[in-house]
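Report on one structure; see the data block that follows.
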Amino acid sequence: MSTLPDPALGAAVKAADRAHVFHSWSAQGLIDPLAVAGAEGSYFWDFEGNRYLDFSSQLVNTNIGHQHPRVVAAIQEQAARLCTFAPGFAVEPRSEAARLIAGRTPGDLNRIFFTNGGAEAVENAVRMARLHTGRPKVLSAYRSYHGATAAAIHLTGDPRRWPNDSGAAGVVHFWAPFLYRSPFHAETEEQECERALRHLEDTVVFEGPATVAAIVLETVPGTAGIMVPPDGYLAGVREICDRYGIVFVLDEVMAGFGRTGRWFAADHWGVVPDLMTFAKGVNSGYVPLGGVAISDEIAATFEKRPYPGGLTYSGHPLACASAVATITTMAEEGIVENAARIGADVLGPGLRELAERHPAVGEVRGLGVFWALELVRDRTTREPLVPYNAAGEDNAPMAALAAACRAAGLWPFVNMNRIHVVPPCTVTDSEAKDGLALLDEALTVADRHTA
C-alpha cells in the first residue's frame, strides 16, 4: 500500500492541525507535528513521500503493525452489522473479546471490565481494590507511568505527575528495583531484589498495612525505562500482598499482548495478580479499547453489590471486534512467538553489539520487542546523557539524536536519556536489522557528548 506524494494536501492537513488541534503533553507553539499520509506493517509515510520505519509502534501500541488487513476487515464487517450498543446488553463481539482475553490472562482473572484505554483501566482497578478492601491507600513505583486521569496520574511516578498532583489521592510511592541506578547500593540482581522487597515491605509497615488497598506495578515498566524486574521480585510482591491482605495490581497496558514475547509479561515469572490492566496491544489501538481483568475473589465482591463505575463506550462493538480479530490473528500467525524470537535472535544481540561500538550506550535491557538503550556521558560514572526531565538546551543531545534517526528514515521512541526500541511484534528480521543499522549511524550523534 502506498500513496503518491501530495505536498499540497499535506500542507492543508498541517495547517488545519496547527489552527485547531490541541496536542497532549505539549507547549502548543513549540511543536511541529508530522502530517502522515498512510501506513502499512512496520512503516508509515508523509505527504512528501518520505517513509519511516516505525521503531516506536506509535505509542508502543501497534503490536500487530499498521493496517493489518484481517483487523481492518473485522472493523468494516462489524460496522456493517452493529456499530454501537450500550454496555448493559450482551453483544457478540463484546462477549467474544472478553472470552479470548480471559483465556490468556494468568490464573483466575476470568472477568473483564472494558474501558476506552489504559488510564481508565487503571482508574477502575484502583476503585475496585479500594472497594474490595475498604482501605484508602495505593502504593506505586517512582519509575512508572499509569495514565493521565485522576487516580492514574497520581499513581504515575514520572514528572508528568508533578503539575497534576493534588497531594490528596492516597498514593504513596516507593523505589522498585533497577540495578543500573540502584537506590539500594546493590551490586547484584539478587541484592537488588532482596533490598527492593525489604524497602517495599518497610513502606507498607510504616504506612500501616490496614490502610493499604493495593500495590500497583507495571510488570515491566514501559515509558519509565523498560527495567526488567529481577527474578523473584514479582513473586516477592505477591507474597507481601498476600501477607497483608493487599490487592496486587499489574499494569500490562504497554507490556501486554505479545510485547515482551509472551501474551502477558507476567507469564515470564508465573505470577498471578488480583487485577490486571490492559489496552494498547489488545487491538493495536485500531479502535480505543482497554480493560481490567478481574480475579474471581474480587468479582465476587460485586456479585450482589453494584459496582459504582461505568462508561458509555465500555466494550464498544467496533473496538471489541478489532480485539477479537487481533487476538485471533496473533495466535494463528504466531505473532507472539515472532516477538520472542526477534528479541532473542536479532534485537538483543544487535543492540548489545551497538553498545560495544558506542560509548554513549551505558546499558541495554529488554525482552521481546521491548528494549531500551540507557544513554550516558560517561560509562564509569553513569552520568545520564541529559539530566532528569531535561528541557530546552539541556535536552539538546537527545533532540539531536532523535532528529538524526528521523532524517535517516527511522522513527524512534525517545524519553529522557533513553531511546526505546519497540517495533511492532510483526517486525521481520530484515526490518529489525535495517532499524539497527539506522540506529547505529544515528548513535554517533550521542557519542559526541561522551567523556
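Scheme for the C-alpha cells: letters A, B, ... for chains in order shown; per-chain residue numbers from 1; ligand numbers from 1 in order shown.
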
**Q.** Nearby residues (only C-alpha atoms) at most 8 Å from A:Val422, same-chain spacing under 2 positions excluded, as a list in words
**A.** Phe55, Ser56, Ser57, Val60, Val369, Phe370, Trp371, Phe413, His420 and Pro424 of chain A

Q.
What parts of stretch 207-427 of chain A does DSSP call strand (DSSP E or B)? I'd like the answer as a PyMOL selection string.
A. chain A and resi 212-218+247-251+275-278+290-295+361-367+370-378+383-384+410-411+413-415+418-421

(Q) What's around A:Gly38 at 8 Å? Count only C-alpha atoms, leave out sequence neighbours fewer than 5 positions away in its own chain, and write the answer as a VMD selection string. (A) chain A and resid 2 to 3 44 to 46

(Q) Let me make sure I understand: among A:His154, A:Arg352, A:Arg181, A:Arg259, which one has the smallest atom-to-atom distance to A:Gly368 if we use only C-alpha atoms? (A) A:Arg259

Q. If you run DSSP on this backbone, which residues of stretch 26-179 of chain A come out as helix (DSSP H, G or I), and could you give them as number ranges by chain?
A. A: 28-30, 57-60, 69-81, 92-102, 118-133, 150-155, 159-164, 179

Q: Fewer than 2 positions away in the same chain doesn't count, so skip those; otherwise give me all residues within 7 Å of A:Ala210, counting only C-alpha atoms, as a list in words.
A: Arg135, Gly208 and Val212 of chain A

Q) Neighbours of stretch 328-332 of chain A within 10 Å (only C-alpha atoms; same-chain residues fewer than 3 positions away dropped), as a ChimeraX atom specification? A) /A:63-64,68,70-71,97,100,257-258,263,322-325,335-338,425-426

Q. Within 8 Å of A:Phe174, counting only C-alpha atoms, which residues qualify if same-chain residues fewer than 6 places away don't, as a PyMOL selection string?
A. chain A and resi 139-142+199-200+203

Q | Using only C-alpha atoms: which of A:Ala390, A:Ala79, A:Leu53, A:Met416 has the shortest distance to A:Thr223 | A |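 Distance minimum relative to A:Thr223 lands on A:Met416.
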
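With only C-alpha atoms as the basis for measurement, A:Ala451 is the residue among A:Ala451, A:Ala402, A:Ile342, A:Ile215 that approaches A:Thr380 most closely.
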